[in-house]
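To start, the structure itself, in structure tokens.
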Amino acid sequence: MREVLAAADVESVAFAGAQRRESQMILASFRDWRYLLDLLQQVGGSTEASELFETWVVSDVERPVLADHEAAVRRYAQLVEDADGWLPAHALRAPMARWAFDFADRELELAETALDRRASIESLEDRLGLDDGGALQTAFETAVVSYDGVVSLADAMIEALNDVQAAHEAVAAERSPLVALGLVGVDPALDLAEAGAAYRSGDLHGARTQAAEAVALIDAADAVGKQRAAVAGGAAFLVILVGLGAVVVQRRRRRPLSASASPVGADHQAWVGSPEAPATLAARTEPAAPDEPGQAGATEGQEDT
């Protein structure tokens, strides 16, 4: 009761949450039996106050409101237990303090959804060795208007983690020779690492982009590998052709010239190669016989001279 009365004296909000400068008069316009009942239950931990109030305080007209209150309080207590240290935000505590249970029920449902998402997120993070740096907890504890944004953030985190997990599986999968050939010069593991770093920093879009880049590299690697193999095969075939051509040319250079291929006739070859052939072609030239006697005498005279 000391704690209850101390809280009432400073008009503290009965539903505890993350530290905020707020009071009962800010969140609700009443300080009557409803506020005292909340303090007895939330601050004092009473389990009998509701029954006592229904018997001695609440009018017949107010009993339906008290029933709605008790249902919301039980659900709120279960949420606090499930949150496991995460404190409800202003977006939930404000309608609870105002006894606006239609709004409170909606926010309770959204907060429960956010915690369900947290379980999935933590499972994926543990599997991938990642963490969000407390981003989801901060959003859960500081939601001012509604938990809509918290649920949206949790959904975005799950999508990013699913993409990172898909990239992780693609990088870790066994690769065919063509895929390995297609990945020469690129490393999808680097994109996967950058995706993890982006997730840790809260850049969910960047995490999904890098994860998709890693998967895209691997998906395209088979086609790239086939193209590279075709180019390499064509180059090898060209090298073989060039090598064969070189061998043919070399063999032709070493082959002796045949008689039919000689530029000199066969008769001439036989004559040149004969032992009776003169040393020079000039040796075959013989002086012409004189046609007339005068010419012969003249010649003799010249010789005598």
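Residue numbers start at 1 in each chain; chains themselves are named A, B, ... in the order of the structure tokens; ligands are numbered from 1 in the order shown.
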
I'd like a table as CSV: residues in segment 74-96 of chain A with an atom no more than 10 Å from segment 125-147 of chain A, each row giving the shortest atom pair and its distance in Å to one decimal, only C-alpha atoms counted, sorted by chain and rising residue number.
residue,atom,partner,partner_atom,distance
A:Ala83,CA,A:Phe140,CA,9.6
A:Gly85,CA,A:Gln137,CA,9.7
A:Trp86,CA,A:Gln137,CA,6.7
A:Leu87,CA,A:Glu141,CA,5.5
A:Pro88,CA,A:Glu141,CA,5.6
A:Ala89,CA,A:Glu141,CA,4.5
A:His90,CA,A:Val144,CA,5.1
A:Ala91,CA,A:Val144,CA,4.7
A:Leu92,CA,A:Ser146,CA,7.5
A:Arg93,CA,A:Val144,CA,9.6
A:Ala94,CA,A:Val144,CA,9.0

Could you list, as a ChimeraX atom specification, every residue within 10 Å of Val151 of chain A, counting only C-alpha atoms and ignoring same-chain residues fewer than 2 positions away?
/A:110-118,136,139-140,146-149,153-157

Please produce a file of those selected residues containing N, CA and C atoms, as a compact mmCIF listing (two decimals), in the first residue's frame.
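Ended up saving to part21.txt:
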# COMPACT_ATOMS: atom_id res chain seq x y z
N LEU A 110 -2.10 -6.07 -31.90
CA LEU A 110 -0.91 -5.70 -32.68
C LEU A 110 0.37 -6.01 -31.91
N ALA A 111 0.36 -5.73 -30.61
CA ALA A 111 1.55 -6.00 -29.80
C ALA A 111 1.82 -7.50 -29.73
N GLU A 112 0.76 -8.30 -29.62
CA GLU A 112 0.92 -9.76 -29.62
C GLU A 112 1.48 -10.24 -30.97
N THR A 113 1.00 -9.62 -32.03
CA THR A 113 1.52 -9.98 -33.36
C THR A 113 3.00 -9.64 -33.46
N ALA A 114 3.38 -8.49 -32.92
CA ALA A 114 4.79 -8.09 -32.96
C ALA A 114 5.66 -9.08 -32.19
N LEU A 115 5.16 -9.58 -31.07
CA LEU A 115 5.93 -10.56 -30.31
C LEU A 115 6.01 -11.89 -31.04
N ASP A 116 4.95 -12.26 -31.75
CA ASP A 116 5.01 -13.48 -32.57
C ASP A 116 6.08 -13.33 -33.65
N ARG A 117 6.11 -12.16 -34.26
CA ARG A 117 7.14 -11.90 -35.27
C ARG A 117 8.52 -11.96 -34.64
N ARG A 118 8.64 -11.46 -33.42
CA ARG A 118 9.94 -11.50 -32.74
C ARG A 118 10.45 -12.93 -32.62
N LEU A 136 14.11 -3.79 -33.04
CA LEU A 136 12.72 -4.18 -32.83
C LEU A 136 12.28 -3.89 -31.39
N ALA A 139 11.57 -0.20 -31.07
CA ALA A 139 10.29 0.14 -31.70
C ALA A 139 9.12 -0.33 -30.84
N PHE A 140 9.24 -1.51 -30.25
CA PHE A 140 8.17 -2.06 -29.41
C PHE A 140 7.93 -1.18 -28.18
N SER A 146 0.57 3.86 -32.33
CA SER A 146 0.06 2.51 -32.59
C SER A 146 1.21 1.55 -32.81
N TYR A 147 0.91 0.27 -32.64
CA TYR A 147 1.87 -0.79 -32.92
C TYR A 147 1.88 -1.19 -34.38
N ASP A 148 1.13 -0.49 -35.21
CA ASP A 148 1.14 -0.79 -36.64
C ASP A 148 2.56 -0.74 -37.20
N GLY A 149 3.30 0.32 -36.85
CA GLY A 149 4.66 0.46 -37.35
C GLY A 149 5.59 -0.62 -36.85
N LEU A 153 7.62 -3.12 -39.24
CA LEU A 153 9.06 -3.29 -39.12
C LEU A 153 9.42 -4.77 -38.97
N ALA A 154 8.67 -5.48 -38.14
CA ALA A 154 8.95 -6.90 -37.94
C ALA A 154 8.77 -7.68 -39.24
N ASP A 155 7.73 -7.35 -40.00
CA ASP A 155 7.52 -8.03 -41.28
C ASP A 155 8.68 -7.75 -42.24
N ALA A 156 9.13 -6.50 -42.26
CA ALA A 156 10.25 -6.15 -43.13
C ALA A 156 11.53 -6.87 -42.71
N MET A 157 11.72 -7.04 -41.43
CA MET A 157 12.89 -7.76 -40.95
C MET A 157 12.83 -9.23 -41.35

Phe15 of chain A environment, 8 Å, only C-alpha atoms, sequence neighbours closer than 5 positions dropped, as a PDB file with N, CA, C and O atoms, in the first residue's frame:
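Listing of out.pdb after writing:
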ATOM      1  N   ASP A  38      -6.536   0.333 -10.761  1.00  0.00           N
ATOM      2  CA  ASP A  38      -5.343   0.056 -11.579  1.00  0.00           C
ATOM      3  C   ASP A  38      -4.084   0.093 -10.729  1.00  0.00           C
ATOM      4  O   ASP A  38      -3.193  -0.764 -10.887  1.00  0.00           O
ATOM      5  N   GLN A  42      -1.734  -3.073 -10.628  1.00  0.00           N
ATOM      6  CA  GLN A  42      -0.483  -2.975 -11.390  1.00  0.00           C
ATOM      7  C   GLN A  42       0.709  -2.642 -10.499  1.00  0.00           C
ATOM      8  O   GLN A  42       1.805  -3.146 -10.730  1.00  0.00           O
ATOM      9  N   ARG A  93      -0.308   1.550 -23.334  1.00  0.00           N
ATOM     10  CA  ARG A  93      -0.577   1.941 -21.950  1.00  0.00           C
ATOM     11  C   ARG A  93      -1.571   3.105 -21.855  1.00  0.00           C
ATOM     12  O   ARG A  93      -2.332   3.197 -20.892  1.00  0.00           O
ATOM     13  N   MET A  96      -5.130   1.770 -22.077  1.00  0.00           N
ATOM     14  CA  MET A  96      -5.392   1.010 -20.856  1.00  0.00           C
ATOM     15  C   MET A  96      -5.661   1.950 -19.690  1.00  0.00           C
ATOM     16  O   MET A  96      -6.577   1.719 -18.884  1.00  0.00           O
ATOM     17  N   ALA A  97      -4.877   3.010 -19.570  1.00  0.00           N
ATOM     18  CA  ALA A  97      -5.067   3.968 -18.482  1.00  0.00           C
ATOM     19  C   ALA A  97      -6.374   4.736 -18.634  1.00  0.00           C
ATOM     20  O   ALA A  97      -6.990   5.140 -17.630  1.00  0.00           O
TER      21      ALA A  97
END

Would you list the contacts of Val57 of chain A as a ChimeraX atom specification, taking every protein, DNA or RNA residue within 12 Å and counting only C-alpha atoms, but skipping same-chain residues closer than 2 positions in sequence?
/A:32-34,36-37,49-55,59-63,66

Just to be explicit: take each residue in the selection above, keep N, CA and C atoms, and write the result as a compact mmCIF listing (two decimals), in the first residue's frame.
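Done, and the output landed in out_10.txt:
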# COMPACT_ATOMS: atom_id res chain seq x y z
N ASP A 32 -10.51 8.58 -10.17
CA ASP A 32 -11.55 8.01 -9.30
C ASP A 32 -11.21 6.56 -8.98
N TRP A 33 -12.22 5.76 -8.69
CA TRP A 33 -12.00 4.38 -8.29
C TRP A 33 -11.28 3.58 -9.38
N ARG A 34 -11.47 3.95 -10.64
CA ARG A 34 -10.82 3.23 -11.74
C ARG A 34 -9.30 3.37 -11.64
N LEU A 36 -7.59 4.08 -8.90
CA LEU A 36 -7.13 3.38 -7.70
C LEU A 36 -7.09 1.87 -7.94
N LEU A 37 -8.07 1.32 -8.65
CA LEU A 37 -8.07 -0.10 -8.93
C LEU A 37 -6.85 -0.48 -9.77
N ALA A 49 -8.54 -7.13 -5.43
CA ALA A 49 -9.13 -5.80 -5.48
C ALA A 49 -10.34 -5.75 -6.40
N SER A 50 -10.28 -6.42 -7.53
CA SER A 50 -11.39 -6.36 -8.49
C SER A 50 -12.68 -6.89 -7.87
N GLU A 51 -12.60 -8.02 -7.16
CA GLU A 51 -13.80 -8.59 -6.53
C GLU A 51 -14.33 -7.67 -5.44
N LEU A 52 -13.44 -7.09 -4.66
CA LEU A 52 -13.87 -6.16 -3.61
C LEU A 52 -14.54 -4.93 -4.21
N PHE A 53 -14.00 -4.40 -5.29
CA PHE A 53 -14.58 -3.22 -5.93
C PHE A 53 -15.96 -3.56 -6.53
N GLU A 54 -16.06 -4.75 -7.13
CA GLU A 54 -17.35 -5.13 -7.71
C GLU A 54 -18.41 -5.23 -6.62
N THR A 55 -18.01 -5.69 -5.41
CA THR A 55 -18.97 -5.87 -4.31
C THR A 55 -19.30 -4.55 -3.63
N SER A 59 -21.11 0.38 -9.30
CA SER A 59 -22.57 0.35 -9.43
C SER A 59 -22.97 -0.68 -10.49
N ASP A 60 -24.28 -0.96 -10.53
CA ASP A 60 -24.77 -1.92 -11.51
C ASP A 60 -24.50 -1.43 -12.95
N VAL A 61 -24.57 -0.14 -13.17
CA VAL A 61 -24.32 0.42 -14.49
C VAL A 61 -22.86 0.24 -14.89
N GLU A 62 -21.96 0.27 -13.91
CA GLU A 62 -20.51 0.22 -14.20
C GLU A 62 -19.95 -1.20 -14.28
N ARG A 63 -20.76 -2.20 -13.87
CA ARG A 63 -20.25 -3.56 -13.85
C ARG A 63 -19.82 -4.06 -15.24
N LEU A 66 -16.40 -2.79 -15.81
CA LEU A 66 -15.43 -3.50 -14.98
C LEU A 66 -15.10 -4.85 -15.60

Could you tell me, as a ChimeraX atom specification, which residues of segment 8-192 of chain A DSSP assigns to helix (DSSP H, G or I) when given the backbone?
/A:8-9,24-27,33-43,49-56,63-83,90-98,101-128,135-142,148-172,177-182,188-192

Which polymer residues have any atom within 7 Å of an atom of segment 200-213 of chain A, counting only C-alpha atoms, with same-chain residues fewer than 3 positions away left out, as a ChimeraX atom specification?
/A:130-133,157,160,163-164,167,191-192,194-197,216-217

Can you spit out the residues from that selection as a short mmCIF file (atom, residue, chain, number, x, y, z; two decimals), in the first residue's frame, using N, CA, C and O atoms?
data_model
loop_
_atom_site.label_atom_id
_atom_site.label_comp_id
_atom_site.auth_asym_id
_atom_site.auth_seq_id
_atom_site.Cartn_x
_atom_site.Cartn_y
_atom_site.Cartn_z
N LEU A 130 23.04 -13.41 -36.94
CA LEU A 130 22.80 -11.97 -37.07
C LEU A 130 22.03 -11.46 -35.86
O LEU A 130 21.49 -12.23 -35.06
N ASP A 131 21.99 -10.16 -35.73
CA ASP A 131 21.14 -9.51 -34.74
C ASP A 131 20.76 -8.14 -35.26
O ASP A 131 21.47 -7.56 -36.07
N ASP A 132 19.63 -7.65 -34.77
CA ASP A 132 19.12 -6.37 -35.28
C ASP A 132 19.61 -5.17 -34.48
O ASP A 132 19.19 -4.04 -34.73
N GLY A 133 20.49 -5.42 -33.52
CA GLY A 133 21.01 -4.32 -32.73
C GLY A 133 19.99 -3.68 -31.80
O GLY A 133 20.16 -2.53 -31.37
N MET A 157 11.72 -7.04 -41.43
CA MET A 157 12.89 -7.76 -40.95
C MET A 157 12.83 -9.23 -41.35
O MET A 157 13.85 -9.83 -41.74
N ALA A 160 13.70 -9.50 -45.00
CA ALA A 160 15.14 -9.34 -45.21
C ALA A 160 15.89 -10.60 -44.77
O ALA A 160 16.81 -11.07 -45.46
N ASP A 163 15.51 -13.36 -47.27
CA ASP A 163 16.37 -13.15 -48.43
C ASP A 163 17.82 -13.49 -48.11
O ASP A 163 18.53 -14.10 -48.92
N VAL A 164 18.27 -13.09 -46.93
CA VAL A 164 19.65 -13.40 -46.53
C VAL A 164 19.82 -14.91 -46.38
O VAL A 164 20.86 -15.47 -46.76
N ALA A 167 20.15 -16.41 -49.78
CA ALA A 167 21.49 -16.16 -50.30
C ALA A 167 22.52 -17.05 -49.62
O ALA A 167 23.45 -17.56 -50.26
N ASP A 191 28.98 -10.38 -51.23
CA ASP A 191 27.65 -9.76 -51.20
C ASP A 191 26.85 -10.27 -50.00
O ASP A 191 26.11 -9.50 -49.38
N LEU A 192 27.01 -11.53 -49.67
CA LEU A 192 26.32 -12.09 -48.50
C LEU A 192 26.80 -11.41 -47.22
O LEU A 192 25.99 -11.09 -46.34
N GLU A 194 28.05 -8.41 -46.96
CA GLU A 194 27.54 -7.05 -46.96
C GLU A 194 26.06 -7.02 -46.61
O GLU A 194 25.58 -6.08 -45.96
N ALA A 195 25.32 -8.04 -47.00
CA ALA A 195 23.91 -8.13 -46.63
C ALA A 195 23.76 -8.25 -45.12
O ALA A 195 22.90 -7.60 -44.51
N GLY A 196 24.60 -9.09 -44.50
CA GLY A 196 24.57 -9.22 -43.05
C GLY A 196 24.92 -7.93 -42.34
O GLY A 196 24.28 -7.55 -41.35
N ALA A 197 25.93 -7.23 -42.85
CA ALA A 197 26.32 -5.96 -42.24
C ALA A 197 25.20 -4.93 -42.36
O ALA A 197 24.94 -4.15 -41.43
N ALA A 216 21.70 -13.63 -57.52
CA ALA A 216 21.72 -13.37 -58.96
C ALA A 216 23.05 -13.80 -59.58
O ALA A 216 23.08 -14.35 -60.70
N LEU A 217 24.15 -13.56 -58.89
CA LEU A 217 25.45 -13.99 -59.40
C LEU A 217 25.50 -15.50 -59.58
O LEU A 217 26.00 -16.01 -60.60
#

Select, from A:Leu183, A:Pro177, A:Glu107, A:Val65, the residue with the minimum atom-to-atom distance to Val150 of chain A, counting only C-alpha atoms.
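Of A:Leu183, A:Pro177, A:Glu107, A:Val65, the one nearest Val150 of chain A, counting only C-alpha atoms, is A:Glu107.
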
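Distance check against Ser29 of chain A using only C-alpha atoms: of A:His69, A:Arg175, A:Arg98, A:Arg2, the minimum falls on A:Arg98.
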
If you count only C-alpha atoms, which residues fall within 10 Å of segment 5-11 of chain A, apart from same-chain ones fewer than 6 positions away, as an MDAnalysis selection string?
chainID A and resid 22:26 31 35:36 39:40 43:44

Could you write those residues out with N, CA, C and O atoms, as a PDB file, in the first residue's frame?
ATOM      1  N   GLU A  22       5.128  11.187 -18.338  1.00  0.00           N
ATOM      2  CA  GLU A  22       3.687  11.124 -18.482  1.00  0.00           C
ATOM      3  C   GLU A  22       3.063  10.866 -17.111  1.00  0.00           C
ATOM      4  O   GLU A  22       3.707  10.345 -16.202  1.00  0.00           O
ATOM      5  N   SER A  23       1.843  11.229 -16.972  1.00  0.00           N
ATOM      6  CA  SER A  23       1.142  11.036 -15.712  1.00  0.00           C
ATOM      7  C   SER A  23      -0.291  10.605 -16.007  1.00  0.00           C
ATOM      8  O   SER A  23      -0.749  10.629 -17.150  1.00  0.00           O
ATOM      9  N   GLN A  24      -0.960  10.183 -14.963  1.00  0.00           N
ATOM     10  CA  GLN A  24      -2.336   9.753 -15.126  1.00  0.00           C
ATOM     11  C   GLN A  24      -3.205  10.863 -15.701  1.00  0.00           C
ATOM     12  O   GLN A  24      -4.072  10.608 -16.520  1.00  0.00           O
ATOM     13  N   MET A  25      -2.965  12.107 -15.321  1.00  0.00           N
ATOM     14  CA  MET A  25      -3.790  13.217 -15.806  1.00  0.00           C
ATOM     15  C   MET A  25      -3.533  13.500 -17.282  1.00  0.00           C
ATOM     16  O   MET A  25      -4.389  14.066 -17.949  1.00  0.00           O
ATOM     17  N   ILE A  26      -2.359  13.118 -17.764  1.00  0.00           N
ATOM     18  CA  ILE A  26      -2.078  13.284 -19.196  1.00  0.00           C
ATOM     19  C   ILE A  26      -2.776  12.196 -20.001  1.00  0.00           C
ATOM     20  O   ILE A  26      -3.359  12.462 -21.055  1.00  0.00           O
ATOM     21  N   ARG A  31      -9.544  10.616 -11.909  1.00  0.00           N
ATOM     22  CA  ARG A  31      -8.771  10.089 -10.779  1.00  0.00           C
ATOM     23  C   ARG A  31      -9.772   9.554  -9.760  1.00  0.00           C
ATOM     24  O   ARG A  31      -9.871  10.039  -8.627  1.00  0.00           O
ATOM     25  N   TYR A  35      -8.847   4.573 -11.364  1.00  0.00           N
ATOM     26  CA  TYR A  35      -7.407   4.794 -11.232  1.00  0.00           C
ATOM     27  C   TYR A  35      -6.854   4.050 -10.016  1.00  0.00           C
ATOM     28  O   TYR A  35      -5.798   3.412 -10.074  1.00  0.00           O
ATOM     29  N   LEU A  36      -7.588   4.076  -8.903  1.00  0.00           N
ATOM     30  CA  LEU A  36      -7.134   3.377  -7.704  1.00  0.00           C
ATOM     31  C   LEU A  36      -7.091   1.871  -7.939  1.00  0.00           C
ATOM     32  O   LEU A  36      -6.155   1.197  -7.482  1.00  0.00           O
ATOM     33  N   LEU A  39      -3.980   1.057  -9.839  1.00  0.00           N
ATOM     34  CA  LEU A  39      -2.791   1.132  -8.987  1.00  0.00           C
ATOM     35  C   LEU A  39      -2.694  -0.083  -8.073  1.00  0.00           C
ATOM     36  O   LEU A  39      -1.605  -0.644  -7.875  1.00  0.00           O
ATOM     37  N   LEU A  40      -3.828  -0.513  -7.507  1.00  0.00           N
ATOM     38  CA  LEU A  40      -3.810  -1.672  -6.621  1.00  0.00           C
ATOM     39  C   LEU A  40      -3.363  -2.928  -7.382  1.00  0.00           C
ATOM     40  O   LEU A  40      -2.621  -3.763  -6.835  1.00  0.00           O
ATOM     41  N   VAL A  43       0.493  -1.791  -9.502  1.00  0.00           N
ATOM     42  CA  VAL A  43       1.598  -1.393  -8.627  1.00  0.00           C
ATOM     43  C   VAL A  43       1.655  -2.288  -7.389  1.00  0.00           C
ATOM     44  O   VAL A  43       2.725  -2.783  -7.002  1.00  0.00           O
ATOM     45  N   GLY A  44       0.479  -2.514  -6.759  1.00  0.00           N
ATOM     46  CA  GLY A  44       0.454  -3.304  -5.523  1.00  0.00           C
ATOM     47  C   GLY A  44       0.397  -4.792  -5.755  1.00  0.00           C
ATOM     48  O   GLY A  44       0.680  -5.573  -4.844  1.00  0.00           O
TER      49      GLY A  44
END

Go ahead and compute the interatomic distance for atom CA of Asp222 of chain A and atom CA of Leu178 of chain A, in Å to one decimal.
5.5 Å

Please, what distance in Å, to one decimal, runs between atom CA of Glu122 of chain A and atom CA of Ala172 of chain A?
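One can read the atom CA of Glu122 of chain A to atom CA of Ala172 of chain A distance as 21.5 Å.
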
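Between atom CA of Gln165 of chain A and atom CA of Lys226 of chain A the separation is 27.2 Å.
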